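Source file model.txt; content: compact mmCIF, C-alpha atoms.
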```txt
# COMPACT_ATOMS: atom_id res chain seq x y z
CA MET A 1 -25.43 47.84 152.42
CA LYS A 2 -23.98 44.55 151.17
CA SER A 3 -26.89 42.67 152.74
CA ARG A 4 -29.34 44.91 150.90
CA ARG A 5 -27.54 44.44 147.59
CA LEU A 6 -27.51 40.67 148.10
CA LYS A 7 -31.26 40.78 148.68
CA ASN A 8 -31.59 42.75 145.45
CA VAL A 9 -29.71 40.02 143.57
CA ILE A 10 -31.86 37.26 145.09
CA GLU A 11 -34.99 39.24 144.30
CA GLU A 12 -33.84 39.81 140.73
CA LEU A 13 -33.13 36.11 140.29
CA LYS A 14 -36.56 35.18 141.63
CA ASN A 15 -38.27 37.59 139.27
CA ASN A 16 -36.14 36.79 136.24
CA LYS A 17 -36.82 33.31 134.89
CA SER A 18 -34.10 33.48 132.27
CA ALA A 19 -31.53 34.46 134.91
CA MET A 20 -32.61 31.56 137.12
CA PHE A 21 -32.33 29.21 134.18
CA SER A 22 -28.83 30.55 133.45
CA LEU A 23 -27.77 30.05 137.08
CA TYR A 24 -29.08 26.48 137.30
CA PHE A 25 -27.64 25.61 133.90
CA LEU A 26 -24.14 26.86 134.78
CA ILE A 27 -24.23 25.09 138.15
CA PHE A 28 -25.22 21.89 136.36
CA ILE A 29 -22.52 22.25 133.69
CA VAL A 30 -19.80 23.03 136.25
CA LEU A 31 -20.78 20.13 138.51
CA ILE A 32 -21.09 17.52 135.78
CA SER A 33 -17.83 18.67 134.16
CA THR A 34 -15.99 18.66 137.48
CA LEU A 35 -17.30 15.21 138.42
CA ALA A 36 -16.77 13.73 134.96
CA PHE A 37 -14.06 11.42 136.30
CA LEU A 38 -16.75 9.54 138.25
CA ILE A 39 -18.37 8.35 135.02
CA PRO A 40 -17.25 4.73 134.53
CA ILE A 41 -16.68 5.21 130.78
CA ASP A 42 -13.37 6.13 129.19
CA PRO A 43 -14.00 9.07 126.82
CA ASP A 44 -11.11 7.93 124.61
CA ALA A 45 -12.05 4.23 124.47
CA THR A 46 -12.72 3.25 120.86
CA ASP A 47 -15.19 0.59 119.75
CA THR A 48 -15.03 -0.08 116.01
CA SER A 49 -18.11 -2.32 116.17
CA ASN A 50 -20.27 0.61 117.31
CA MET A 51 -19.12 3.48 115.08
CA LEU A 52 -21.62 6.30 114.40
CA GLN A 53 -24.41 4.63 116.31
CA SER A 54 -27.60 6.66 116.74
CA PRO A 55 -28.71 7.66 120.26
CA SER A 56 -29.90 4.67 122.29
CA LEU A 57 -30.25 3.50 125.88
CA LYS A 58 -26.66 2.27 125.81
CA HIS A 59 -25.31 5.48 124.30
CA LEU A 60 -27.74 8.30 125.08
CA PHE A 61 -26.23 10.63 122.47
CA GLY A 62 -24.84 7.98 120.17
CA THR A 63 -21.20 7.33 119.29
CA ASP A 64 -18.68 9.12 117.11
CA GLU A 65 -16.66 7.93 114.12
CA LEU A 66 -14.44 5.79 116.38
CA GLY A 67 -17.24 4.31 118.46
CA ARG A 68 -16.58 6.53 121.49
CA ASP A 69 -19.53 7.48 123.69
CA TYR A 70 -20.49 10.95 122.50
CA LEU A 71 -22.20 12.11 125.68
CA VAL A 72 -19.13 11.33 127.78
CA ARG A 73 -16.83 13.07 125.31
CA THR A 74 -19.11 16.11 125.37
CA ILE A 75 -19.01 16.21 129.17
CA TYR A 76 -15.22 16.02 129.18
CA GLY A 77 -15.19 18.61 126.41
CA GLY A 78 -17.22 20.93 128.62
CA ARG A 79 -14.57 20.69 131.32
CA VAL A 80 -11.87 21.73 128.85
CA SER A 81 -13.96 24.61 127.48
CA LEU A 82 -14.71 25.89 131.01
CA ILE A 83 -11.05 25.64 132.03
CA VAL A 84 -10.07 27.66 128.97
CA GLY A 85 -12.78 30.23 129.69
CA VAL A 86 -11.90 30.75 133.37
CA LEU A 87 -8.11 30.74 133.05
CA ALA A 88 -8.13 32.96 129.96
CA MET A 89 -10.49 35.33 131.79
CA LEU A 90 -8.15 35.55 134.80
CA ILE A 91 -5.22 36.40 132.54
CA SER A 92 -7.06 38.90 130.35
CA THR A 93 -8.82 40.60 133.27
CA SER A 94 -5.58 40.95 135.25
CA ILE A 95 -3.80 42.55 132.30
CA GLY A 96 -6.78 44.70 131.32
CA VAL A 97 -7.36 46.04 134.83
CA SER A 98 -3.65 46.77 135.32
CA VAL A 99 -3.25 48.60 132.03
CA GLY A 100 -6.58 50.43 132.37
CA THR A 101 -5.98 51.73 135.90
CA ILE A 102 -2.39 52.78 135.25
CA SER A 103 -3.34 54.50 132.00
CA GLY A 104 -6.36 56.28 133.44
CA TYR A 105 -4.80 57.27 136.76
CA PHE A 106 -1.44 58.62 135.58
CA GLY A 107 -2.64 60.01 132.24
CA GLY A 108 -0.29 62.09 130.07
CA LYS A 109 2.40 60.28 128.11
CA ILE A 110 1.81 57.01 129.98
CA ASP A 111 -1.84 57.05 128.96
CA SER A 112 -0.97 57.93 125.36
CA VAL A 113 1.64 55.18 125.01
CA LEU A 114 -0.51 52.48 126.63
CA MET A 115 -3.61 53.34 124.61
CA ARG A 116 -1.65 53.38 121.35
CA PHE A 117 -0.32 49.95 122.28
CA VAL A 118 -3.87 48.77 122.93
CA ASP A 119 -4.94 50.11 119.53
CA ILE A 120 -2.09 48.31 117.78
CA ILE A 121 -2.82 44.95 119.42
CA SER A 122 -6.55 45.35 118.74
CA SER A 123 -5.91 46.00 115.05
CA ILE A 124 -4.07 42.71 114.48
CA PRO A 125 -6.45 40.01 113.16
CA TRP A 126 -6.87 36.95 115.37
CA MET A 127 -5.78 34.59 112.64
CA ILE A 128 -2.40 36.26 112.25
CA LEU A 129 -1.82 36.15 116.00
CA VAL A 130 -2.75 32.48 116.21
CA THR A 131 -0.58 31.56 113.23
CA VAL A 132 2.46 33.37 114.60
CA ILE A 133 2.07 31.99 118.11
CA SER A 134 1.54 28.46 116.80
CA ILE A 135 5.08 28.63 115.43
CA PHE A 136 6.42 28.89 118.96
CA LEU A 137 3.78 26.94 120.90
CA LYS A 138 2.45 23.48 120.20
CA PRO A 139 -1.33 23.66 119.62
CA GLY A 140 -3.21 22.49 122.68
CA LEU A 141 -4.77 23.54 125.98
CA GLN A 142 -1.84 25.64 127.22
CA ALA A 143 -1.39 27.41 123.91
CA ILE A 144 -5.06 28.29 123.52
CA ILE A 145 -5.25 29.72 127.06
CA ILE A 146 -2.18 31.86 126.41
CA VAL A 147 -3.45 33.07 123.05
CA ILE A 148 -6.89 34.04 124.36
CA GLY A 149 -5.72 35.38 127.72
CA PHE A 150 -2.90 37.58 126.41
CA PHE A 151 -4.78 38.95 123.42
CA SER A 152 -8.31 39.57 124.69
CA TRP A 153 -7.70 42.13 127.45
CA MET A 154 -7.90 45.29 125.33
CA GLU A 155 -11.62 45.96 125.75
CA THR A 156 -11.34 45.49 129.52
CA ALA A 157 -8.45 47.96 129.57
CA ARG A 158 -10.51 50.57 127.72
CA LEU A 159 -13.51 50.15 130.02
CA VAL A 160 -11.42 50.34 133.21
CA ARG A 161 -9.48 53.35 131.89
CA ALA A 162 -12.71 55.23 131.20
CA GLU A 163 -13.99 54.50 134.71
CA THR A 164 -10.65 55.45 136.27
CA LEU A 165 -10.60 58.81 134.48
CA SER A 166 -13.94 59.61 136.10
CA ILE A 167 -13.20 58.20 139.55
CA LYS A 168 -9.85 59.94 140.02
CA GLU A 169 -11.67 63.31 139.91
CA ARG A 170 -13.95 62.43 142.81
CA GLU A 171 -13.51 64.16 146.16
CA TYR A 172 -12.29 61.17 148.16
CA VAL A 173 -9.55 60.45 145.61
CA LEU A 174 -8.52 64.11 145.41
CA TYR A 175 -8.38 64.21 149.22
CA ALA A 176 -6.20 61.08 149.30
CA ILE A 177 -3.83 62.73 146.83
CA SER A 178 -3.75 65.98 148.83
CA ILE A 179 -2.70 64.24 152.05
CA GLY A 180 0.17 62.52 150.27
CA GLU A 181 -1.18 58.99 150.00
CA SER A 182 0.91 56.91 147.60
CA SER A 183 -0.33 56.19 144.10
CA SER A 184 -0.34 52.44 144.73
CA ASN A 185 -2.53 52.85 147.82
CA ILE A 186 -4.94 55.11 145.96
CA ILE A 187 -5.22 52.65 143.09
CA PHE A 188 -5.76 49.59 145.28
CA ARG A 189 -7.88 51.22 148.01
CA HIS A 190 -9.98 53.65 145.99
CA ILE A 191 -9.76 53.19 142.23
CA ILE A 192 -10.05 49.40 141.81
CA PRO A 193 -12.89 48.97 144.37
CA SER A 194 -14.79 51.72 142.57
CA VAL A 195 -14.37 50.10 139.14
CA PHE A 196 -15.26 46.66 140.50
CA PRO A 197 -18.72 46.69 138.84
CA THR A 198 -17.01 47.16 135.48
CA ILE A 199 -14.53 44.39 136.28
CA ILE A 200 -17.37 41.98 137.16
CA ILE A 201 -19.18 42.63 133.90
CA ALA A 202 -15.96 42.43 131.89
CA SER A 203 -15.03 39.13 133.58
CA THR A 204 -18.28 37.36 132.82
CA SER A 205 -18.19 38.63 129.25
CA SER A 206 -14.57 37.52 129.01
CA ILE A 207 -15.43 33.95 130.01
CA ALA A 208 -18.18 33.83 127.40
CA GLY A 209 -15.87 35.32 124.79
CA ALA A 210 -13.05 32.91 125.64
CA ILE A 211 -15.35 29.89 125.27
CA MET A 212 -16.56 31.21 121.93
CA THR A 213 -13.00 31.90 120.73
CA GLU A 214 -11.77 28.48 121.83
CA SER A 215 -14.68 26.85 120.06
CA SER A 216 -13.97 28.81 116.89
CA LEU A 217 -10.23 28.07 116.88
CA SER A 218 -10.76 24.40 117.72
CA PHE A 219 -13.37 24.18 114.97
CA LEU A 220 -10.71 25.48 112.56
CA GLY A 221 -8.17 22.97 113.87
CA LEU A 222 -6.02 25.60 115.60
CA GLY A 223 -7.10 24.97 119.18
CA ILE A 224 -7.60 21.85 121.29
CA GLN A 225 -6.17 18.78 119.56
CA GLN A 226 -7.34 15.17 119.56
CA PRO A 227 -7.69 12.95 121.53
CA MET A 228 -8.54 15.70 124.04
CA SER A 229 -12.05 16.94 123.40
CA SER A 230 -13.62 20.37 123.67
CA TRP A 231 -16.94 21.62 122.37
CA GLY A 232 -15.13 23.32 119.52
CA ASN A 233 -13.23 20.34 118.18
CA LEU A 234 -16.30 18.13 118.64
CA LEU A 235 -18.04 20.45 116.21
CA GLN A 236 -15.05 20.18 113.88
CA ASN A 237 -15.28 16.39 113.89
CA ALA A 238 -19.04 16.53 113.41
CA GLN A 239 -18.90 18.43 110.14
CA THR A 240 -17.64 15.37 108.24
CA ASN A 241 -20.61 13.30 109.43
CA LEU A 242 -23.48 15.78 109.31
CA GLN A 243 -25.61 13.74 106.95
CA SER A 244 -25.17 10.38 108.64
CA ALA A 245 -24.90 11.61 112.27
CA PRO A 246 -26.38 15.11 112.70
CA TYR A 247 -26.61 14.61 116.48
CA MET A 248 -22.83 15.06 116.65
CA ALA A 249 -23.23 18.77 115.86
CA ILE A 250 -26.43 19.46 117.79
CA LEU A 251 -25.26 18.68 121.35
CA PRO A 252 -21.97 20.65 121.52
CA GLY A 253 -23.48 23.46 119.45
CA LEU A 254 -26.38 23.93 121.85
CA LEU A 255 -24.09 23.77 124.88
CA ILE A 256 -21.84 26.49 123.47
CA ILE A 257 -24.80 28.78 122.74
CA VAL A 258 -26.55 28.29 126.09
CA THR A 259 -23.34 28.54 128.14
CA ILE A 260 -22.32 31.83 126.52
CA TYR A 261 -25.84 33.19 126.98
CA SER A 262 -25.88 32.13 130.65
CA PHE A 263 -22.59 33.82 131.51
CA ASN A 264 -23.69 37.06 129.86
CA LYS A 265 -27.08 36.96 131.58
CA LEU A 266 -25.63 36.36 135.05
CA GLY A 267 -23.08 39.10 134.47
CA ASN A 268 -25.93 41.58 134.17
CA VAL A 269 -27.60 40.25 137.31
CA LEU A 270 -24.38 40.45 139.34
CA ARG A 271 -24.19 44.10 138.42
CA VAL A 272 -27.08 44.67 140.83
CA PHE A 273 -24.92 43.41 143.69
CA VAL A 274 -21.94 45.66 142.98
CA GLU A 275 -23.71 48.67 141.50
CA PRO A 276 -26.62 49.91 143.63
CA LYS A 277 -27.85 52.47 141.11
CA VAL A 278 -29.11 49.73 138.79
CA ALA A 279 -30.79 47.77 141.59
CA GLY A 280 -34.33 47.08 140.71
CA GLY A 281 -33.74 48.06 137.08
CA GLU A 282 -34.56 45.90 134.12
CA ILE A 283 -31.87 43.42 133.09
```

Before we go any further, please render this structure as structure tokens.
Amino acid sequence: MKSRRLKNVIEELKNNKSAMFSLYFLIFIVLISTLAFLIPIDPDATDTSNMLQSPSLKHLFGTDELGRDYLVRTIYGGRVSLIVGVLAMLISTSIGVSVGTISGYFGGKIDSVLMRFVDIISSIPWMILVTVISIFLKPGLQAIIIVIGFFSWMETARLVRAETLSIKEREYVLYAISIGESSSNIIFRHIIPSVFPTIIIASTSSIAGAIMTESSLSFLGLGIQQPMSSWGNLLQNAQTNLQSAPYMAILPGLLIIVTIYSFNKLGNVLRVFVEPKVAGGEI
């Protein structure tokens, strides 16, 4: 069964040019960001004699307002953005799956209390959350991961809860309950494996959403702080030099757009592997 599903994924990738592009692009971005330390150029090294230089053979994407190589800073910025996306996704998915399965499986008052809590958290604007948390946490990589991870799990919780409500009425779950199997065993052996397709889709969407949120907050000056670079704060720096150096906004902007698109596209393709009923369907 797994072998057949894997073949379906490979076949879908072969027949879907945009999915193949997304896969190759993400592999390229991950590799170049991971191996950024091999580049013999310091991303924070300033050169006042070469400030705001246009793209050239020496600096393929020019330099910024301090003479730093913009391509290298963008590559290092990609590493930060990907770290934020993956770690925030792990936090938000863990919380969302836990809350969703507990709420959906036990139902009753537990479900009511948890869902009301989800509604309350969802109703609080992002800006208020960020402002309040910034009082207690110094803006930076750790703070932005915590903010995104702990306050972006609500949609995952709702999706997993809805799936759990359906799955717990299936015969194999009812049989497990009737023979006295513990709730924890039922959740981990039957419920979570059955909602895994939903978790996969939610995870890929969560990475894309975390990268977008980090970019937005950094653009507003509430995320990653200088001298550390991310795609978001590179865009923030670029806005003051749009007329004289428009290339400073083009590169990180395009990378944000294509990376988010690629994660969402591959999330749909992976659904073929974990959800047989969509195999062969249009993605």

| So how many Å separate atom CA of A:Ile146 and atom CA of A:Gly209, to one decimal? |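 These two atoms are separated by 14.2 Å.
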
Margin query: Applying 12 Å and all atoms listed in the file, which residues near stretch 200-202 of chain A remain after dropping the ones on its own chain fewer than 4 positions away? List them as a VMD selection string.
Written below: chain A and resid 89 to 90 92 to 94 96 to 97 152 to 160 192 to 196 206 to 210 263 to 275

Closest of A:Ile256, A:Val84, A:Ile177, A:Ala245 to A:Ile224, counting only C-alpha atoms, is A:Val84

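Remark: for A:Thr240, the closest of the candidate residues A:Glu214, A:Asp47, A:Asp64, A:Glu11 is A:Asp64 (distances computed over only C-alpha atoms).
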
Shortest interatomic distance to A:Gly100 - which of A:Met248, A:Met20, A:Met115, A:Ile145, counting all atoms listed in the file: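 Looking at the shortest contact to A:Gly100, the residue is A:Met115.
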
Residues near A:Asp44, anyone? I mean within 12 Å using all atoms listed in the file, not counting same-chain ones fewer than 6 positions away, as a ChimeraX atom specification. /A:63-74,76-77,226-229

Would you pick out the contacts of A:Ile29 at 9 Å or less, using all atoms listed in the file, so that residues sharing its chain but fewer than 4 positions from it are not included, and give the list as a PyMOL selection string? chain A and resi 24-25+33-34+75+78-79+259

Separating atom CA of A:Leu220 from atom CA of A:Gln236, to the nearest tenth of an Å, is a gap of 7.0 Å

* Asked: Do you have the atom CA of A:Thr164-atom CA of A:Gly104 distance handy?
  ->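 Between atom CA of A:Thr164 and atom CA of A:Gly104 the gap works out to 5.2 Å.
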
Task: Within 9 Å of A:Gly253 using only C-alpha atoms, minus same-chain residues under 4 positions, as a PyMOL selection string - done: chain A and resi 231-232+234-235+248-249+257-258

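Checking A:Ile95, A:Ile211, A:Val30, A:Leu222 one by one against A:Pro252, counting all atoms listed in the file, you find the shortest gap at A:Ile211.
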